[in-house]
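This report concerns only the one structure given below.
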Amino acid sequence: MNGPLQRLGRWVGSHLVLAGGLLVLLYMFVPIFVVVLMSFNDPDSRLIYRFDGFTLKNWANPCAADGMCGALSRSIQIGLLATVVATLLGTLMAFALVRHRFHGRSAANLGIFLPMASPEIVMGSSLLALFVAAGFGGRLGFWTILIAHIMFCLSFVVVTVRARLAGLDDNLEQAAMDLYATEVQTFRRVTLPLVFPGILGAALLSFSLSFDDFIITNLNAGNTTTFPMYVWGVAQRGVPMQVNVVGTVMFLVSVVIVVAVEVRRRRQERVLAG
Amino acid sequence: MSQVVEAPTAGAGDDRGTGGRTGGGLHLRSLTKEFASFTAVKSLDLDIPSGSFFALLGPSGCGKTTTLRMVAGLETPTSGTITLGERDITWEKPYRRPVNTVFQNYALFPHLDIFENVAFGLRRRKRSDVKPAVEQMLALVELESQARKKPAQLSGGQQQRVALARALINNPEVLLLDEPLGALDLKLRRSMQIEIKRIQTEVGLTFVHVTHDQEEAMTMADTVAVMNAGVIEQMGAPAELYENPRTTFVANFLGQSNLIEGTVAGREGDVVKVDMQGTVVSVPSARAHLETTAGHRAWVGIRPEKVLIAEVGEVIDAPGNSIPGGVISDVSFVGVSTQYLVRMPWGQELQVFEQNTGRRRLFRTGESVDVSWRPDYAFLLDHEQDASAGTDRSDLPS
Ligand SMILES: Nc1ncnc2c1ncn2[C@@H]1O[C@H](COP(=O)(O)OP(=O)(O)OP(=O)(O)O)[C@@H](O)[C@H]1O
Ligand SMILES: [Mg+2]
């Protein structure tokens, strides 16, 4: 009557919310756990997703999978370039939209949402139509993908930076000018540091959007292959275990970023409290 | 309307190395600011002697902040000029003016610690020995121990002192304070008022302090300018403004006043005789702010604490204007004083404050009394003006 099952039952009863939360976490982490596990898999057959034996060779030789590293490095290059360009342009646009009154400002504000709101398949196919119409039909590849990625990242950057800027008290910049800071110094010493978290967030978001985009990329890639396209392509024939290595590394990188942000925040709080 | 105030400490601007300190004070000439169709500041003329503590007092929305922002260079005037000493700064960039502001909401830089907030102005001007200067300034506002905290970690009063230190350290010719105490509770407010006043006396800079709290203006400033709807109604020493208001707005906004309708009967020497609801009262002509030709309609003004109440027929030591026929309609005992409302024969209720000295008995509601006041205390205003101007405070009986 006081067996472990009953005790578990009672614990669940009194910690319903916690139990629910744990279940959701489990649900979220199972796929990641599978990816990590599979990165150490030594499969007997390429067709069945089954853990057949432990090995480190996937990690030792990630590029053993045919064409994967080429696609991966292309995706990273496109991601970085798209991030830099979109963050720069998007930040400038956000400043213009928040700080300057001009004709069509509210239309521009609304227009920024359109790429975010429209389905990727629509954007992708209309871009393709545009490229073909402009005579780039035969030259689809790295550059057309890059242009497409910059385009859809831009909206996210503008929205993120604009939110940060709109929350900035104008009095701060006026106070800086009142305290002998020229326009440039005010931007460098006050505006930029305060908006920076928004810009950084926008850059991270851009990179991850670009890195895993499939639909738009696929439509505008020609013969070029990015990492998501590679995975999609090999999926029919059985995914090489090295893909899981990449997945695990990506996951670890995001964990490191999240932890770093959190540690920084806590350290700041501790400094403030002390 | 140009008013020049006596400089209490004319030329007191010291020279601790800002360079170009003129000591000539701040002068606004027909300064106007229009927003679209709305005029926030109308042809303002002001002369603020250097070294003085000047208060700009007025109700919300009367243009105080706009005026300060024009002086700081954060708003461009529609017309008019601003000069500091001999130097015309109307079109100068804010960072080229020897003027600093304590903002209404402090506007401390949230990403910099207290030390760097205070050091900001010095660093922008590439001053050497920043560290000792900042430490000295933090000591002045008693915040040495908080130097490495961020603004968000400080209390409202401490933030206010940082804002003050951040502006003061630059040793500006004029320090502008825009309702810096607005967010504080009453007790902290009082102690900050004393502190700001002490600092001003210590450093001897020109302070222009904006507030809508009349008590704050009167306790802190050498000169108070009362502003209403974009214009200065009256300017002078606090006591002068209080004792001899020139408009109904000033009479009501600065303290409280009884305004009684009357007709000018004529002048006798330096006294104006006024027929006030059947009783002839006199007012010194220096306190009559209208044309004193017979037949002119006027408001006779008297402060509630200047009115005495007496038993019917009793002679009290105010050899002045005595008006019979009052009936006490309300009594509120507030400790230091008793506040009466006395209904007069013509239907108006007068406010009377009597000091609680214990020498006179309390009157009760319904008792008949005479009221009187010394002629020297009354003032005479133009009947054209609205008797209720400036009485927007809901706690006042009408
Ligand atoms: N940028 C602006 N555009 C349009 N109108 C403005 C602007 N700034 C101020 N005003 C108007 O000018 C008038 C004066 O404003 P101001 O801020 O100077 O008032 P204030 O005396 O400082 O009031 P408060 O005591 O509430 O701070 C107000 O009616 C306000 O609505
Ligand atoms: Mg204001």
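Residues in the structure tokens are numbered from 1 in each chain, the chains being A, B, ... in the order shown, and ligands are numbered from 1 in the order shown.
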*asked:* Could you go through region 235-268 of chain B and tell me which residues DSSP, when run on the backbone, assigns to strand (DSSP E or B), listing them as a PyMOL selection string?
replied: chain B and resi 235-236+258-268
Could you list, as a tab-separated table (two decimals) with all heavy atoms, in the first residue's frame, all residues that come within 6 Å of ligand 1? Count only C-alpha atoms and all ligand atoms.
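Produced file result.tsv, reproduced below:
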chain	number	residue	atom	x	y	z
B	35	PHE	N	4.90	74.67	-31.92
B	35	PHE	CA	4.82	73.30	-32.43
B	35	PHE	C	3.63	73.25	-33.37
B	35	PHE	O	2.50	73.40	-32.92
B	35	PHE	CB	4.59	72.29	-31.31
B	35	PHE	CG	5.74	72.15	-30.36
B	35	PHE	CD1	5.64	72.61	-29.06
B	35	PHE	CD2	6.91	71.56	-30.78
B	35	PHE	CE1	6.69	72.47	-28.18
B	35	PHE	CE2	7.98	71.42	-29.90
B	35	PHE	CZ	7.86	71.87	-28.60
B	40	ALA	N	3.93	76.99	-27.66
B	40	ALA	CA	4.25	76.50	-26.32
B	40	ALA	C	4.89	77.59	-25.47
B	40	ALA	O	4.66	77.67	-24.27
B	40	ALA	CB	5.18	75.30	-26.41
B	59	PRO	N	1.98	75.75	-13.96
B	59	PRO	CA	1.23	74.50	-14.02
B	59	PRO	C	1.72	73.62	-15.17
B	59	PRO	O	2.46	74.07	-16.03
B	59	PRO	CB	-0.21	74.96	-14.27
B	59	PRO	CG	-0.08	76.28	-14.91
B	59	PRO	CD	1.18	76.90	-14.38
B	60	SER	N	1.29	72.39	-15.14
B	60	SER	CA	1.70	71.43	-16.16
B	60	SER	C	1.32	71.92	-17.55
B	60	SER	O	0.23	72.43	-17.76
B	60	SER	CB	1.03	70.09	-15.87
B	60	SER	OG	1.51	69.12	-16.74
B	61	GLY	N	2.26	71.81	-18.49
B	61	GLY	CA	1.98	72.16	-19.87
B	61	GLY	C	2.11	73.63	-20.18
B	61	GLY	O	1.76	74.07	-21.27
B	62	CYS	N	2.67	74.44	-19.25
B	62	CYS	CA	2.73	75.88	-19.51
B	62	CYS	C	3.97	76.25	-20.31
B	62	CYS	O	4.16	77.41	-20.66
B	62	CYS	CB	2.69	76.66	-18.21
B	62	CYS	SG	4.19	76.52	-17.25
B	63	GLY	N	4.85	75.28	-20.59
B	63	GLY	CA	6.01	75.59	-21.42
B	63	GLY	C	7.34	75.64	-20.68
B	63	GLY	O	8.34	76.10	-21.25
B	64	LYS	N	7.39	75.16	-19.47
B	64	LYS	CA	8.63	75.22	-18.69
B	64	LYS	C	9.73	74.35	-19.31
B	64	LYS	O	10.84	74.82	-19.54
B	64	LYS	CB	8.38	74.74	-17.24
B	64	LYS	CG	7.27	75.47	-16.53
B	64	LYS	CD	7.06	74.95	-15.12
B	64	LYS	CE	6.68	73.49	-15.02
B	64	LYS	NZ	5.30	73.18	-15.40
B	65	THR	N	9.37	73.09	-19.57
B	65	THR	CA	10.37	72.19	-20.13
B	65	THR	C	10.83	72.68	-21.49
B	65	THR	O	12.03	72.67	-21.80
B	65	THR	CB	9.79	70.76	-20.24
B	65	THR	OG1	9.49	70.30	-18.93
B	65	THR	CG2	10.75	69.81	-20.91
B	66	THR	N	9.90	73.17	-22.29
B	66	THR	CA	10.26	73.68	-23.61
B	66	THR	C	11.26	74.82	-23.48
B	66	THR	O	12.23	74.90	-24.23
B	66	THR	CB	8.99	74.14	-24.34
B	66	THR	OG1	8.04	73.08	-24.30
B	66	THR	CG2	9.27	74.51	-25.76
B	212	HIS	N	6.57	72.65	-10.64
B	212	HIS	CA	5.21	73.14	-10.52
B	212	HIS	C	4.77	73.15	-9.06
B	212	HIS	O	3.60	73.34	-8.76
B	212	HIS	CB	4.23	72.37	-11.43
B	212	HIS	CG	4.17	70.91	-11.18
B	212	HIS	ND1	4.41	69.99	-12.15
B	212	HIS	CD2	3.90	70.22	-10.07
B	212	HIS	CE1	4.30	68.77	-11.64
B	212	HIS	NE2	4.00	68.89	-10.38
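Near chain A, the residues of chain B that fall inside 7 Å (using only C-alpha atoms) are Ala72, Leu74, Pro94, Tyr95, Arg96, Asn100, Thr101, Ala107, Leu108, Phe109, His111, Phe120, Gly121, Arg124, Arg125, Lys149, Lys150 and Gln153 of chain B.
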*asked:* Give me the residues near Gly24 (chain B) as a PyMOL selection string, where near means some atom within 8 Å (using only C-alpha atoms) and where sequence neighbours in that chain fewer than 3 positions away do not count.
replied: chain B and resi 11+49-50+84-86
*Residues within 9 Å of region 149-161 of chain A, only C-alpha atoms, excluding chain neighbours under 2 positions, as a ChimeraX atom specification*: /A:78-79,81-95,97,112-116,123,144-147,163-166,195-199,201-203,205-207,209-210,213,216-217
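Across the model, the gap from CA of Phe54 (chain B) to CA of Ala225 (chain B) is 7.7 Å.
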*Please, which residues of region 10-196 of chain A, numbered as in this document, come out helix (DSSP H, G or I) from DSSP, as a PyMOL selection string?*
chain A and resi 10-14+16-38+57-60+62-64+68-99+105-111+113-117+120-133+137-139+142-166+170-178+183-196
*Write out as a PyMOL selection string which residues come within 9 Å of Gly366 (chain B) when counting only C-alpha atoms, dropping same-chain ones fewer than 5 positions away.*
chain B and resi 327-330
Same residues, N, CA and C atoms, saved as a PDB file, in the first residue's frame:
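Once written, result_13.pdb looks like this:
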ATOM      1  N   VAL B 327     -20.829  85.189   8.734  1.00  0.00           N
ATOM      2  CA  VAL B 327     -21.303  84.041   9.502  1.00  0.00           C
ATOM      3  C   VAL B 327     -20.347  82.878   9.225  1.00  0.00           C
ATOM      4  N   ILE B 328     -19.857  82.261  10.299  1.00  0.00           N
ATOM      5  CA  ILE B 328     -18.940  81.125  10.110  1.00  0.00           C
ATOM      6  C   ILE B 328     -19.702  79.970   9.468  1.00  0.00           C
ATOM      7  N   SER B 329     -19.217  79.493   8.334  1.00  0.00           N
ATOM      8  CA  SER B 329     -19.943  78.392   7.705  1.00  0.00           C
ATOM      9  C   SER B 329     -19.163  77.082   7.763  1.00  0.00           C
ATOM     10  N   ASP B 330     -17.893  77.152   8.097  1.00  0.00           N
ATOM     11  CA  ASP B 330     -17.135  75.898   8.209  1.00  0.00           C
ATOM     12  C   ASP B 330     -15.897  76.135   9.063  1.00  0.00           C
TER      13      ASP B 330
END
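In this model, the gap between CA of Ala148 (chain A) and CA of Ala221 (chain A) comes to 9.9 Å.
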_Excluding Glu291 (chain B) and its own-chain neighbours fewer than 4 positions away, which residues fall within 10 Å of it when counting only C-alpha atoms? Please give them as a ChimeraX atom specification._
/B:264,296-298,381-382
*Could you jot down the CA of Gly157 (chain B) to CA of Met218 (chain B) separation for me, Å, one decimal place?*
21.2 Å
